[in-house]
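This is my_file-v1.csv (CSV, C-alpha atoms).
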chain,number,residue,atom,x,y,z
A,18,MET,CA,120.8,60.9,122.3
A,19,ALA,CA,120.6,63.9,120.0
A,20,SER,CA,117.2,63.3,118.4
A,21,THR,CA,115.9,66.8,118.9
A,22,PRO,CA,118.0,70.0,118.8
A,23,LYS,CA,118.2,71.9,122.1
A,24,ILE,CA,115.9,74.9,122.2
A,25,ASN,CA,117.2,78.2,123.5
A,26,ARG,CA,114.3,78.9,125.9
A,27,MET,CA,115.2,82.5,126.4
A,28,GLN,CA,114.9,83.1,122.6
A,29,VAL,CA,111.7,81.2,122.4
A,30,TYR,CA,110.1,83.2,125.2
A,31,LEU,CA,111.2,86.4,123.6
A,32,LYS,CA,109.7,85.4,120.2
A,33,LEU,CA,106.6,84.2,121.9
A,34,LEU,CA,106.3,87.5,123.8
A,35,SER,CA,106.9,89.4,120.6
A,36,PHE,CA,104.3,87.4,118.7
A,37,LEU,CA,101.7,87.8,121.4
A,38,THR,CA,102.4,91.5,121.7
A,39,ILE,CA,102.1,92.0,117.9
A,40,LEU,CA,98.9,89.9,117.7
A,41,PHE,CA,97.4,91.7,120.7
A,42,LEU,CA,98.1,95.1,119.1
A,43,LEU,CA,96.8,93.9,115.7
A,44,ILE,CA,93.5,93.0,117.3
A,45,ALA,CA,93.3,95.6,120.0
A,46,LEU,CA,94.0,98.6,117.7
A,47,THR,CA,90.9,97.7,115.7
A,48,GLN,CA,88.6,96.1,118.2
A,49,ILE,CA,88.8,98.4,121.2
A,50,LYS,CA,86.3,101.2,120.6
A,51,LEU,CA,86.6,104.7,122.2
A,52,PRO,CA,84.3,107.7,122.0
A,53,GLN,CA,85.6,110.4,119.8
A,54,LYS,CA,84.0,113.8,119.3
A,55,ALA,CA,84.0,114.6,115.6
A,56,LEU,CA,83.9,118.3,114.8
A,57,ALA,CA,81.2,119.7,112.6
A,58,THR,CA,82.2,120.1,109.0
A,59,GLY,CA,80.9,122.2,106.1
A,60,PHE,CA,79.1,125.6,106.6
A,61,VAL,CA,78.7,125.5,110.4
A,62,PRO,CA,76.1,127.9,111.7
A,63,LEU,CA,77.1,130.3,114.4
A,64,PRO,CA,76.0,128.7,117.7
A,65,GLU,CA,72.7,130.1,119.1
A,66,GLU,CA,74.2,131.4,122.3
A,67,TYR,CA,76.5,133.7,120.3
A,68,ARG,CA,74.0,135.2,118.0
A,69,ASN,CA,73.6,138.2,120.2
A,70,ALA,CA,77.3,138.6,120.7
A,71,VAL,CA,78.0,139.5,117.1
A,72,SER,CA,77.3,142.6,115.1
A,73,VAL,CA,78.0,143.6,111.5
A,74,GLU,CA,79.6,147.0,111.3
A,75,SER,CA,81.0,149.3,108.6
A,76,VAL,CA,79.6,147.7,105.5
A,77,ASN,CA,81.1,149.5,102.6
A,78,GLY,CA,80.5,148.9,98.9
A,79,ALA,CA,82.0,150.2,95.7
A,80,VAL,CA,80.4,149.6,92.4
A,81,GLN,CA,82.0,149.7,89.0
A,82,ALA,CA,79.2,149.7,86.4
A,83,LEU,CA,80.1,148.8,82.8
A,84,LEU,CA,78.0,149.1,79.7
A,85,ASN,CA,78.3,146.5,77.0
A,86,ASP,CA,76.8,148.1,73.9
A,87,GLU,CA,75.5,146.3,70.8
A,88,HIS,CA,78.8,146.8,69.0
A,89,GLY,CA,80.7,144.9,71.7
A,90,ASP,CA,82.3,148.0,73.2
A,91,VAL,CA,82.7,148.3,76.9
A,92,GLU,CA,82.2,151.6,78.5
A,93,GLN,CA,82.3,152.5,82.2
A,94,LEU,CA,79.3,154.5,83.5
A,95,LYS,CA,80.2,157.6,85.4
A,96,THR,CA,78.1,157.0,88.5
A,97,GLU,CA,79.0,157.5,92.1
A,98,TYR,CA,77.3,155.4,94.7
A,99,GLU,CA,76.4,156.4,98.2
A,100,GLU,CA,75.8,154.1,101.1
A,101,VAL,CA,72.6,154.3,103.1
A,102,LYS,CA,72.3,152.2,106.3
A,103,THR,CA,68.8,150.9,107.0
A,104,THR,CA,67.4,148.2,109.3
A,105,GLU,CA,67.2,145.8,106.3
A,106,GLY,CA,70.9,146.3,105.4
A,107,THR,CA,73.1,148.7,103.5
A,108,ILE,CA,71.7,150.3,100.3
A,109,LEU,CA,74.1,151.3,97.5
A,110,ARG,CA,72.3,154.1,95.7
A,111,PRO,CA,73.6,155.8,92.6
A,112,SER,CA,74.0,159.6,93.0
A,113,ALA,CA,73.5,160.4,89.3
A,114,VAL,CA,71.3,159.1,86.6
A,115,ASN,CA,72.9,157.9,83.3
A,116,THR,CA,71.0,158.2,80.1
A,117,ILE,CA,71.7,155.2,78.0
A,118,GLY,CA,70.4,154.2,74.6
A,119,CYS,CA,69.0,150.8,73.8
A,120,SER,CA,71.6,148.7,75.7
A,121,THR,CA,70.2,146.0,78.0
A,122,ASP,CA,73.4,144.6,79.4
A,123,PHE,CA,75.0,146.3,82.4
A,124,VAL,CA,77.8,144.6,84.4
A,125,ASN,CA,78.1,145.8,88.0
A,126,ASN,CA,81.3,144.9,89.7
A,127,LEU,CA,80.6,145.2,93.4
A,128,LYS,CA,83.3,145.1,96.0
A,129,ILE,CA,81.8,144.7,99.5
A,130,ASN,CA,83.9,145.4,102.5
A,131,PHE,CA,82.6,144.6,106.0
A,132,THR,CA,83.7,144.2,109.5
A,133,ILE,CA,82.2,141.9,112.2
A,134,THR,CA,82.8,142.7,115.8
A,135,HIS,CA,82.0,140.3,118.5
A,136,THR,CA,82.3,139.5,122.2
A,137,ILE,CA,82.8,135.8,121.8
A,138,LEU,CA,85.2,134.5,124.4
A,139,GLU,CA,86.2,131.2,122.8
A,140,PRO,CA,87.3,130.2,119.3
A,141,VAL,CA,84.2,129.2,117.3
A,142,LYS,CA,83.2,128.8,113.7
A,143,GLY,CA,80.3,130.5,112.2
A,144,THR,CA,78.8,131.0,108.7
A,145,VAL,CA,77.9,134.4,107.3
A,146,LYS,CA,75.7,135.0,104.3
A,147,ILE,CA,76.1,138.1,102.1
A,148,GLU,CA,73.1,138.7,99.8
A,149,ILE,CA,72.9,141.3,97.1
A,150,SER,CA,69.4,142.1,95.9
A,151,ASN,CA,67.6,144.9,94.0
A,152,TYR,CA,66.3,147.3,96.7
A,153,GLN,CA,63.3,148.3,94.6
A,154,THR,CA,62.1,145.0,93.3
A,155,GLY,CA,63.5,142.7,96.0
A,156,PHE,CA,65.0,140.4,93.4
A,157,VAL,CA,68.1,138.6,94.8
A,158,TYR,CA,71.0,138.8,92.4
A,159,ASP,CA,73.6,136.8,94.2
A,160,THR,CA,74.5,135.2,97.5
A,161,LYS,CA,77.8,134.2,98.9
A,162,ILE,CA,78.4,132.1,102.0
A,163,LEU,CA,81.6,132.4,104.1
A,164,LEU,CA,82.8,130.2,107.0
A,165,LEU,CA,84.5,132.5,109.5
A,166,ASP,CA,86.7,131.7,112.4
A,167,PHE,CA,85.8,133.8,115.4
A,168,VAL,CA,88.8,134.4,117.6
A,169,PRO,CA,88.2,136.1,121.0
A,170,ARG,CA,88.7,139.9,120.9
A,171,GLN,CA,89.6,140.0,117.2
A,172,PRO,CA,87.1,141.7,114.8
A,173,ILE,CA,86.8,140.1,111.4
A,174,THR,CA,87.2,142.1,108.2
A,175,LYS,CA,86.4,140.6,104.8
A,176,VAL,CA,86.3,141.8,101.2
A,177,ILE,CA,83.9,140.0,98.8
A,178,LYS,CA,83.5,140.7,95.1
A,179,PHE,CA,80.3,140.2,93.1
A,180,SER,CA,79.7,140.6,89.4
A,181,ILE,CA,76.1,141.2,88.7
A,182,ILE,CA,74.4,141.7,85.3
A,183,THR,CA,71.4,144.0,85.3
A,184,PRO,CA,69.1,145.0,82.5
A,185,GLN,CA,68.9,148.6,83.7
A,186,PRO,CA,71.6,151.1,84.7
A,187,ASP,CA,71.9,152.7,88.0
A,188,THR,CA,70.4,149.9,90.1
A,189,GLU,CA,70.0,150.3,93.8
A,190,PHE,CA,71.6,147.4,95.5
A,191,LEU,CA,70.7,146.2,98.9
A,192,ILE,CA,73.5,144.4,100.8
A,193,ARG,CA,72.3,142.1,103.6
A,194,ILE,CA,74.8,140.3,105.8
A,195,THR,CA,73.2,137.7,108.0
A,196,PHE,CA,74.2,134.7,110.1
A,197,PRO,CA,72.1,131.8,108.7
A,198,THR,CA,70.6,129.3,111.1
A,199,ALA,CA,71.2,125.5,111.0
A,200,ASP,CA,68.1,125.0,108.9
A,201,GLU,CA,69.4,127.1,106.1
A,202,LEU,CA,72.9,125.5,105.9
A,203,ALA,CA,74.3,122.2,104.8
A,204,TYR,CA,76.7,120.8,107.2
A,205,THR,CA,77.5,117.7,109.3
A,206,LYS,CA,76.7,118.2,112.9
A,207,PRO,CA,79.2,117.5,115.6
A,208,GLU,CA,78.8,114.1,117.0
A,209,THR,CA,80.4,111.6,119.3
A,210,LYS,CA,81.1,108.4,117.5
A,211,GLN,CA,82.8,105.2,118.5
A,212,VAL,CA,86.2,104.8,116.8
A,213,SER,CA,88.8,102.2,117.0
A,214,LEU,CA,91.8,102.7,119.3
A,215,LEU,CA,94.1,103.2,116.2
A,216,GLU,CA,91.7,105.9,114.8
A,217,TYR,CA,91.5,107.5,118.3
A,218,LEU,CA,95.3,107.7,118.5
A,219,LEU,CA,95.5,109.2,115.0
A,220,TYR,CA,92.9,111.8,115.9
A,221,GLN,CA,95.0,112.7,119.0
A,222,ILE,CA,98.1,113.3,117.0
A,223,GLY,CA,96.2,115.4,114.5
A,224,ILE,CA,95.6,113.0,111.6
A,225,THR,CA,92.1,112.5,110.5
A,226,PRO,CA,91.6,109.0,109.1
A,227,HIS,CA,89.0,108.6,106.4
B,8,MET,CA,113.7,62.6,95.9
B,9,LYS,CA,115.5,65.7,97.1
B,10,LEU,CA,113.2,67.9,95.1
B,11,LEU,CA,110.2,66.1,96.6
B,12,ARG,CA,111.7,66.6,100.1
B,13,ILE,CA,112.0,70.3,99.3
B,14,LEU,CA,108.5,70.7,97.8
B,15,PHE,CA,106.5,68.6,100.3
B,16,PRO,CA,106.8,67.8,104.0
B,17,SER,CA,109.0,64.8,104.5
B,18,THR,CA,108.8,64.0,108.2
B,19,ARG,CA,105.8,63.4,110.5
B,20,ARG,CA,106.5,66.5,112.4
B,21,GLN,CA,106.6,68.6,109.2
B,22,ILE,CA,103.3,67.0,108.2
B,23,LEU,CA,101.7,67.7,111.6
B,24,ALA,CA,102.9,71.3,111.5
B,25,SER,CA,101.7,71.7,107.9
B,26,LEU,CA,98.3,70.4,108.9
B,27,ILE,CA,98.2,72.9,111.8
B,28,GLY,CA,99.1,75.7,109.4
B,29,LEU,CA,96.5,74.7,106.8
B,30,ALA,CA,93.8,74.5,109.5
B,31,LEU,CA,94.8,77.9,110.9
B,32,ALA,CA,94.8,79.4,107.4
B,33,TYR,CA,91.3,78.2,106.9
B,34,ILE,CA,90.0,79.2,110.4
B,35,LEU,CA,91.7,82.6,110.4
B,36,SER,CA,90.6,83.5,106.9
B,37,SER,CA,87.1,84.3,108.3
B,38,THR,CA,88.5,87.0,110.6
B,39,LYS,CA,88.4,90.6,109.5
B,40,LEU,CA,90.2,93.5,111.0
B,41,THR,CA,89.4,96.9,109.6
B,42,TYR,CA,92.0,99.7,109.7
B,43,PRO,CA,91.7,103.4,108.7
B,44,TYR,CA,91.3,104.1,105.0
B,45,ARG,CA,89.1,101.0,104.9
B,46,VAL,CA,92.1,98.7,104.8
B,47,GLU,CA,91.0,95.2,105.8
B,48,VAL,CA,93.2,92.3,106.7
B,49,ASN,CA,92.7,88.9,108.2
B,50,LEU,CA,95.0,86.7,110.2
B,51,SER,CA,95.2,83.8,107.7
B,52,GLN,CA,98.8,84.8,106.9
B,53,ILE,CA,99.8,83.2,110.3
B,54,GLY,CA,98.6,79.8,109.1
B,55,ILE,CA,100.1,80.3,105.6
B,56,PHE,CA,103.5,81.0,107.0
B,57,ILE,CA,103.4,78.1,109.4
B,58,ALA,CA,102.4,75.7,106.6
B,59,ALA,CA,104.9,77.1,104.2
B,60,CYS,CA,107.9,77.0,106.6
B,61,SER,CA,107.0,73.5,107.7
B,62,GLY,CA,105.7,71.9,104.5
B,63,GLY,CA,107.6,73.8,101.8
B,64,PRO,CA,106.4,75.8,98.8
B,65,ALA,CA,103.7,73.5,97.5
B,66,VAL,CA,102.0,73.3,100.9
B,67,GLY,CA,102.5,77.0,101.3
B,68,ALA,CA,100.7,77.7,98.0
B,69,VAL,CA,97.9,75.4,99.0
B,70,ALA,CA,97.6,77.1,102.4
B,71,GLY,CA,97.5,80.4,100.5
B,72,LEU,CA,94.6,79.1,98.4
B,73,ILE,CA,92.8,77.8,101.5
B,74,GLY,CA,93.4,81.1,103.3
B,75,SER,CA,91.7,82.9,100.4
B,76,ILE,CA,88.5,80.8,100.3
B,77,GLN,CA,86.6,82.8,102.9
B,78,ASN,CA,88.8,85.9,102.3
B,79,HIS,CA,87.3,88.4,99.9
B,80,LEU,CA,89.9,91.1,100.8
B,81,THR,CA,92.1,92.7,98.2
B,82,PHE,CA,95.7,93.9,98.4
B,83,ALA,CA,95.6,97.2,96.5
B,84,ASN,CA,94.2,95.9,93.2
B,85,TYR,CA,95.0,92.2,93.6
B,86,ASP,CA,92.7,89.5,94.9
B,87,ALA,CA,93.7,87.5,98.0
B,88,ALA,CA,93.5,84.4,95.9
B,89,ILE,CA,96.5,85.6,93.9
B,90,ILE,CA,98.6,87.2,96.6
B,91,LEU,CA,98.3,84.6,99.4
B,92,PRO,CA,99.3,81.5,97.4
B,93,LEU,CA,102.3,83.5,96.0
B,94,LEU,CA,103.2,84.5,99.6
B,95,GLY,CA,103.0,80.8,100.7
B,96,LEU,CA,105.0,79.7,97.6
B,97,ILE,CA,107.8,82.2,98.2
B,98,ALA,CA,107.9,81.7,101.9
B,99,GLY,CA,108.0,77.9,101.5
B,100,ALA,CA,110.8,78.2,98.9
B,101,LEU,CA,112.9,80.5,101.0
B,102,SER,CA,112.4,78.4,104.2
B,103,THR,CA,114.5,75.6,102.7
B,104,ARG,CA,117.4,78.0,102.6
B,105,ILE,CA,116.9,80.4,105.5
B,106,LYS,CA,115.2,80.5,108.9
B,107,PRO,CA,111.4,80.7,108.9
B,108,LEU,CA,111.5,84.1,110.6
B,109,TYR,CA,113.5,85.6,107.8
B,110,SER,CA,111.9,83.6,105.0
B,111,ALA,CA,108.4,84.8,105.9
B,112,ILE,CA,109.4,88.4,106.2
B,113,ILE,CA,111.4,88.4,103.0
B,114,ALA,CA,108.5,86.7,101.2
B,115,TRP,CA,106.1,89.5,102.3
B,116,LEU,CA,108.7,92.2,101.4
B,117,ILE,CA,109.0,90.7,97.8
B,118,ILE,CA,105.2,90.6,97.5
B,119,GLY,CA,104.7,94.0,99.1
B,120,LEU,CA,107.3,95.6,96.9
B,121,ALA,CA,105.7,94.1,93.8
B,122,ILE,CA,102.3,95.5,95.0
B,123,TYR,CA,103.8,98.9,95.6
B,124,ILE,CA,105.5,99.1,92.3
B,125,THR,CA,102.5,98.0,90.2
B,126,ALA,CA,100.0,100.0,92.2
B,127,GLN,CA,101.9,103.2,91.3
B,128,SER,CA,100.5,103.1,87.8
B,129,ASP,CA,97.0,102.7,89.1
B,130,SER,CA,94.7,105.3,90.5
B,131,ILE,CA,94.9,103.9,94.1
B,132,ILE,CA,95.3,106.6,96.7
B,133,ALA,CA,98.9,106.8,98.0
B,134,THR,CA,97.8,107.0,101.6
B,135,GLN,CA,95.6,103.9,101.3
B,136,LEU,CA,98.5,102.0,99.6
B,137,TYR,CA,100.8,102.9,102.5
B,138,TRP,CA,98.3,101.7,105.0
B,139,ILE,CA,97.9,98.4,103.1
B,140,LEU,CA,101.6,97.9,103.1
B,141,THR,CA,102.2,99.0,106.7
B,142,VAL,CA,99.4,96.9,108.2
B,143,ASN,CA,100.3,93.8,106.1
B,144,THR,CA,104.0,94.1,107.0
B,145,TYR,CA,103.0,94.3,110.6
B,146,LEU,CA,100.8,91.2,110.1
B,147,ALA,CA,103.6,89.4,108.3
B,148,LEU,CA,105.9,90.0,111.3
B,149,ALA,CA,103.3,88.2,113.5
B,150,GLY,CA,103.1,85.4,110.9
B,151,ALA,CA,106.8,85.1,110.7
B,152,LEU,CA,107.2,84.9,114.5
B,153,SER,CA,104.4,82.3,114.7
B,154,ALA,CA,106.1,80.2,111.9
B,155,GLU,CA,109.4,80.4,113.7
B,156,LEU,CA,107.8,79.4,117.1
B,157,VAL,CA,105.8,76.5,115.7
B,158,THR,CA,108.7,75.0,113.6
B,159,THR,CA,111.1,75.4,116.6
B,160,TYR,CA,108.7,73.8,119.0
B,161,LEU,CA,107.6,70.9,116.8
B,162,GLY,CA,111.0,70.4,115.2
B,163,SER,CA,109.4,70.7,111.8
B,164,ILE,CA,111.9,73.2,110.4
B,165,LYS,CA,112.5,72.8,106.6
B,166,HIS,CA,115.8,74.6,106.8
B,167,GLU,CA,118.1,71.6,106.6
B,168,LYS,CA,121.4,73.4,107.2
B,169,SER,CA,120.4,75.0,110.5
B,170,GLU,CA,118.9,71.7,111.6
B,171,LYS,CA,122.0,69.8,110.8
B,172,ALA,CA,124.1,72.5,112.5
B,173,LYS,CA,121.9,72.2,115.6
B,174,LEU,CA,122.2,68.5,115.6
B,175,ASN,CA,126.0,68.7,115.3
B,176,GLN,CA,126.1,71.2,118.1
B,177,GLN,CA,124.0,69.0,120.2
B,178,ALA,CA,126.1,66.0,119.4
B,179,SER,CA,129.3,67.8,120.3
B,180,GLU,CA,127.8,69.0,123.6
B,181,ASP,CA,126.8,65.4,124.4
B,182,HIS,CA,130.3,64.2,123.5
B,183,GLN,CA,131.8,66.9,125.8
B,184,ILE,CA,129.6,65.8,128.7
B,185,GLN,CA,130.5,62.2,128.1
B,186,ARG,CA,134.2,63.1,128.2
B,187,SER,CA,134.0,65.2,131.3
B,188,ASN,CA,131.9,62.5,133.1
B,189,PRO,CA,133.1,59.1,131.9
B,190,THR,CA,130.7,57.2,134.2
B,191,ILE,CA,127.8,58.1,131.9
B,192,HIS,CA,127.4,55.7,129.0

Is it possible to express this structure as structure tokens?
Amino acid sequence: MASTPKINRMQVYLKLLSFLTILFLLIALTQIKLPQKALATGFVPLPEEYRNAVSVESVNGAVQALLNDEHGDVEQLKTEYEEVKTTEGTILRPSAVNTIGCSTDFVNNLKINFTITHTILEPVKGTVKIEISNYQTGFVYDTKILLLDFVPRQPITKVIKFSIITPQPDTEFLIRITFPTADELAYTKPETKQVSLLEYLLYQIGITPH
Amino acid sequence: MKLLRILFPSTRRQILASLIGLALAYILSSTKLTYPYRVEVNLSQIGIFIAACSGGPAVGAVAGLIGSIQNHLTFANYDAAIILPLLGLIAGALSTRIKPLYSAIIAWLIIGLAIYITAQSDSIIATQLYWILTVNTYLALAGALSAELVTTYLGSIKHEKSEKAKLNQQASEDHQIQRSNPTIH
């Protein structure tokens, strides 16, 4: 009579339903693909449509020129620099000439302060390049690249420091602040890729799965 | 004899369920599901748990080995050929004492904990380790439920105590029916 135990059907259905649900989720979360727009990463160029909406204003530079003499002593040169705005950029020109012996090692600590104003109406990212070169020879001493967040109606002010070694004192520096194009920058372009349902959900809650 | 009954399937139903488990372990070992952080799993655990809970620890270990034939996945730093037989062995050993549902889950928790503790000393990324453990725990739950369902349906449960209890309960119910309705013999 009692060869097989009585099965509680309700419990079995519940377990079967749980099993199928877990199995479905296990497979569905990885096999269902959805389009997900991946944001650009790296030094993203300022979009073409906004290039005319930005302008670099009030570029200020301060130079602290140091002399390293042959005895290892460090001396600060007494030179004031004046700023001259040109179409090429801002020139930092020494107002006095120092007479130095046979030293060939001058350290110029530059502190560049600039403000970017814009009329961009949505939050975008854009890269700005700050280039320091010799105004007379055109030799580029140093370049720095910054990724900026453009927020509507908010100008951006940044301070950048450079330390440039020159063989002569009283160098005229040319500061150029430009917005490099896509060809000049290394970045991953924004793209729409197919991601699994689980990855899509993770993106939605702000987690970027690798 | 008792040891043999514990280690290997002793009834035809247990043998049948074990064979189903072994077959599933082999078939499902070729599946591959990829989760974030390049965590890959396959569904062979379902077959391993069915075989282990029906056939005992020896069959569970064999199912684990079969499940790792086509399975080149790793659990943190451990090969599937090590983890899966261990999983089958532990689940099979536990299933002689406790219900398949719990034995399968506890077996994975033991293995998962061992992986977690040992992986701490290695250079594995913490986030990836958590994903490995989370996904496999979820998978183990599916395996545990499937083992419970198959053993219940086929009557191939290894858990002797619960089987005896159910048989006794059934017998007492039959006895009560007979007493309340004496015309039935």

Exercise for review: Considering all atoms listed in the file, extract the chain A residues located within 12 Å of chain B and return them as a VMD selection string.
Suggested key: chain A and resid 18 to 26 28 to 49 212 to 220 224 to 227

Just write the chosen residues, C-alpha atoms, as an mmCIF file, in the frame of the given file.
data_model
loop_
_atom_site.group_PDB
_atom_site.id
_atom_site.type_symbol
_atom_site.label_atom_id
_atom_site.label_comp_id
_atom_site.auth_asym_id
_atom_site.auth_seq_id
_atom_site.Cartn_x
_atom_site.Cartn_y
_atom_site.Cartn_z
ATOM 1 C CA MET A 18 120.800 60.900 122.300
ATOM 2 C CA ALA A 19 120.600 63.900 120.000
ATOM 3 C CA SER A 20 117.200 63.300 118.400
ATOM 4 C CA THR A 21 115.900 66.800 118.900
ATOM 5 C CA PRO A 22 118.000 70.000 118.800
ATOM 6 C CA LYS A 23 118.200 71.900 122.100
ATOM 7 C CA ILE A 24 115.900 74.900 122.200
ATOM 8 C CA ASN A 25 117.200 78.200 123.500
ATOM 9 C CA ARG A 26 114.300 78.900 125.900
ATOM 10 C CA GLN A 28 114.900 83.100 122.600
ATOM 11 C CA VAL A 29 111.700 81.200 122.400
ATOM 12 C CA TYR A 30 110.100 83.200 125.200
ATOM 13 C CA LEU A 31 111.200 86.400 123.600
ATOM 14 C CA LYS A 32 109.700 85.400 120.200
ATOM 15 C CA LEU A 33 106.600 84.200 121.900
ATOM 16 C CA LEU A 34 106.300 87.500 123.800
ATOM 17 C CA SER A 35 106.900 89.400 120.600
ATOM 18 C CA PHE A 36 104.300 87.400 118.700
ATOM 19 C CA LEU A 37 101.700 87.800 121.400
ATOM 20 C CA THR A 38 102.400 91.500 121.700
ATOM 21 C CA ILE A 39 102.100 92.000 117.900
ATOM 22 C CA LEU A 40 98.900 89.900 117.700
ATOM 23 C CA PHE A 41 97.400 91.700 120.700
ATOM 24 C CA LEU A 42 98.100 95.100 119.100
ATOM 25 C CA LEU A 43 96.800 93.900 115.700
ATOM 26 C CA ILE A 44 93.500 93.000 117.300
ATOM 27 C CA ALA A 45 93.300 95.600 120.000
ATOM 28 C CA LEU A 46 94.000 98.600 117.700
ATOM 29 C CA THR A 47 90.900 97.700 115.700
ATOM 30 C CA GLN A 48 88.600 96.100 118.200
ATOM 31 C CA ILE A 49 88.800 98.400 121.200
ATOM 32 C CA VAL A 212 86.200 104.800 116.800
ATOM 33 C CA SER A 213 88.800 102.200 117.000
ATOM 34 C CA LEU A 214 91.800 102.700 119.300
ATOM 35 C CA LEU A 215 94.100 103.200 116.200
ATOM 36 C CA GLU A 216 91.700 105.900 114.800
ATOM 37 C CA TYR A 217 91.500 107.500 118.300
ATOM 38 C CA LEU A 218 95.300 107.700 118.500
ATOM 39 C CA LEU A 219 95.500 109.200 115.000
ATOM 40 C CA TYR A 220 92.900 111.800 115.900
ATOM 41 C CA ILE A 224 95.600 113.000 111.600
ATOM 42 C CA THR A 225 92.100 112.500 110.500
ATOM 43 C CA PRO A 226 91.600 109.000 109.100
ATOM 44 C CA HIS A 227 89.000 108.600 106.400
#

Would you give me, as a tab-separated table, each residue of segment 49-93 of chain B having an atom within 6 Å of an atom of segment 22-31 of chain B, along with its shortest atom pair and that distance in Å to one decimal, using all atoms listed in the file and sorting by chain and residue number?
residue	atom	partner	partner_atom	distance
B:Gly54	CA	B:Gly28	CA	4.1
B:Ile57	CA	B:Gly28	CA	4.9
B:Ala58	CA	B:Ser25	CA	4.3
B:Ser61	CA	B:Ser25	CA	5.6
B:Gly62	CA	B:Ser25	CA	5.3
B:Ala70	CA	B:Leu29	CA	5.1

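With atom CA of Pro207 of chain A on one side and atom CA of Ile132 of chain B on the other, the separation reads 27.1 Å.
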
Exercise for review: Enter the distance from atom CA of Glu208 of chain A to atom CA of Lys54 of chain A, in Å, rounded to one decimal.
Suggested key: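 According to the coordinates, atom CA of Glu208 of chain A and atom CA of Lys54 of chain A are separated by 5.7 Å.
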
Review point. So which residues touch segment 67-73 of chain A within 7 Å, counting only C-alpha atoms, skipping near sequence neighbours fewer than 4 positions away, as a count of residues only?
Key: 7

Review point. Suppose you want the space between atom CA of Thr183 of chain A and atom CA of Phe131 of chain A; what is it in Å?
Key: 23.5 Å

Review point. So which residues touch segment 168-179 of chain A within 12 Å, counting only C-alpha atoms, skipping near sequence neighbours fewer than 6 positions away, as a ChimeraX atom specification?
Key: /A:67,70-82,124-143,145-150,158-162,190,192,194

Let me see the file: selected residues, C-alpha atoms, as an mmCIF file, in the coordinates of the input.
data_model
loop_
_atom_site.group_PDB
_atom_site.id
_atom_site.type_symbol
_atom_site.label_atom_id
_atom_site.label_comp_id
_atom_site.auth_asym_id
_atom_site.auth_seq_id
_atom_site.Cartn_x
_atom_site.Cartn_y
_atom_site.Cartn_z
ATOM 1 C CA TYR A 67 76.500 133.700 120.300
ATOM 2 C CA ALA A 70 77.300 138.600 120.700
ATOM 3 C CA VAL A 71 78.000 139.500 117.100
ATOM 4 C CA SER A 72 77.300 142.600 115.100
ATOM 5 C CA VAL A 73 78.000 143.600 111.500
ATOM 6 C CA GLU A 74 79.600 147.000 111.300
ATOM 7 C CA SER A 75 81.000 149.300 108.600
ATOM 8 C CA VAL A 76 79.600 147.700 105.500
ATOM 9 C CA ASN A 77 81.100 149.500 102.600
ATOM 10 C CA GLY A 78 80.500 148.900 98.900
ATOM 11 C CA ALA A 79 82.000 150.200 95.700
ATOM 12 C CA VAL A 80 80.400 149.600 92.400
ATOM 13 C CA GLN A 81 82.000 149.700 89.000
ATOM 14 C CA ALA A 82 79.200 149.700 86.400
ATOM 15 C CA VAL A 124 77.800 144.600 84.400
ATOM 16 C CA ASN A 125 78.100 145.800 88.000
ATOM 17 C CA ASN A 126 81.300 144.900 89.700
ATOM 18 C CA LEU A 127 80.600 145.200 93.400
ATOM 19 C CA LYS A 128 83.300 145.100 96.000
ATOM 20 C CA ILE A 129 81.800 144.700 99.500
ATOM 21 C CA ASN A 130 83.900 145.400 102.500
ATOM 22 C CA PHE A 131 82.600 144.600 106.000
ATOM 23 C CA THR A 132 83.700 144.200 109.500
ATOM 24 C CA ILE A 133 82.200 141.900 112.200
ATOM 25 C CA THR A 134 82.800 142.700 115.800
ATOM 26 C CA HIS A 135 82.000 140.300 118.500
ATOM 27 C CA THR A 136 82.300 139.500 122.200
ATOM 28 C CA ILE A 137 82.800 135.800 121.800
ATOM 29 C CA LEU A 138 85.200 134.500 124.400
ATOM 30 C CA GLU A 139 86.200 131.200 122.800
ATOM 31 C CA PRO A 140 87.300 130.200 119.300
ATOM 32 C CA VAL A 141 84.200 129.200 117.300
ATOM 33 C CA LYS A 142 83.200 128.800 113.700
ATOM 34 C CA GLY A 143 80.300 130.500 112.200
ATOM 35 C CA VAL A 145 77.900 134.400 107.300
ATOM 36 C CA LYS A 146 75.700 135.000 104.300
ATOM 37 C CA ILE A 147 76.100 138.100 102.100
ATOM 38 C CA GLU A 148 73.100 138.700 99.800
ATOM 39 C CA ILE A 149 72.900 141.300 97.100
ATOM 40 C CA SER A 150 69.400 142.100 95.900
ATOM 41 C CA TYR A 158 71.000 138.800 92.400
ATOM 42 C CA ASP A 159 73.600 136.800 94.200
ATOM 43 C CA THR A 160 74.500 135.200 97.500
ATOM 44 C CA LYS A 161 77.800 134.200 98.900
ATOM 45 C CA ILE A 162 78.400 132.100 102.000
ATOM 46 C CA PHE A 190 71.600 147.400 95.500
ATOM 47 C CA ILE A 192 73.500 144.400 100.800
ATOM 48 C CA ILE A 194 74.800 140.300 105.800
#

Revision key, fill the gap. Of A:Thr198, A:Val101, A:Arg110, A:Ala203, the one nearest to Ala57 of chain A when counting all atoms listed in the file is A:Ala203

Could you pull the residues within 7 Å of Leu72 of chain B, counting all atoms listed in the file, minus those fewer than 4 positions along the same chain, as a compact mmCIF listing (two decimals) with C-alpha atoms, in the coordinates of the input?
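That gives us around.txt:
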# COMPACT_ATOMS: atom_id res chain seq x y z
CA ALA B 68 100.70 77.70 98.00
CA ILE B 76 88.50 80.80 100.30
CA ALA B 88 93.50 84.40 95.90
CA LEU B 91 98.30 84.60 99.40
CA PRO B 92 99.30 81.50 97.40
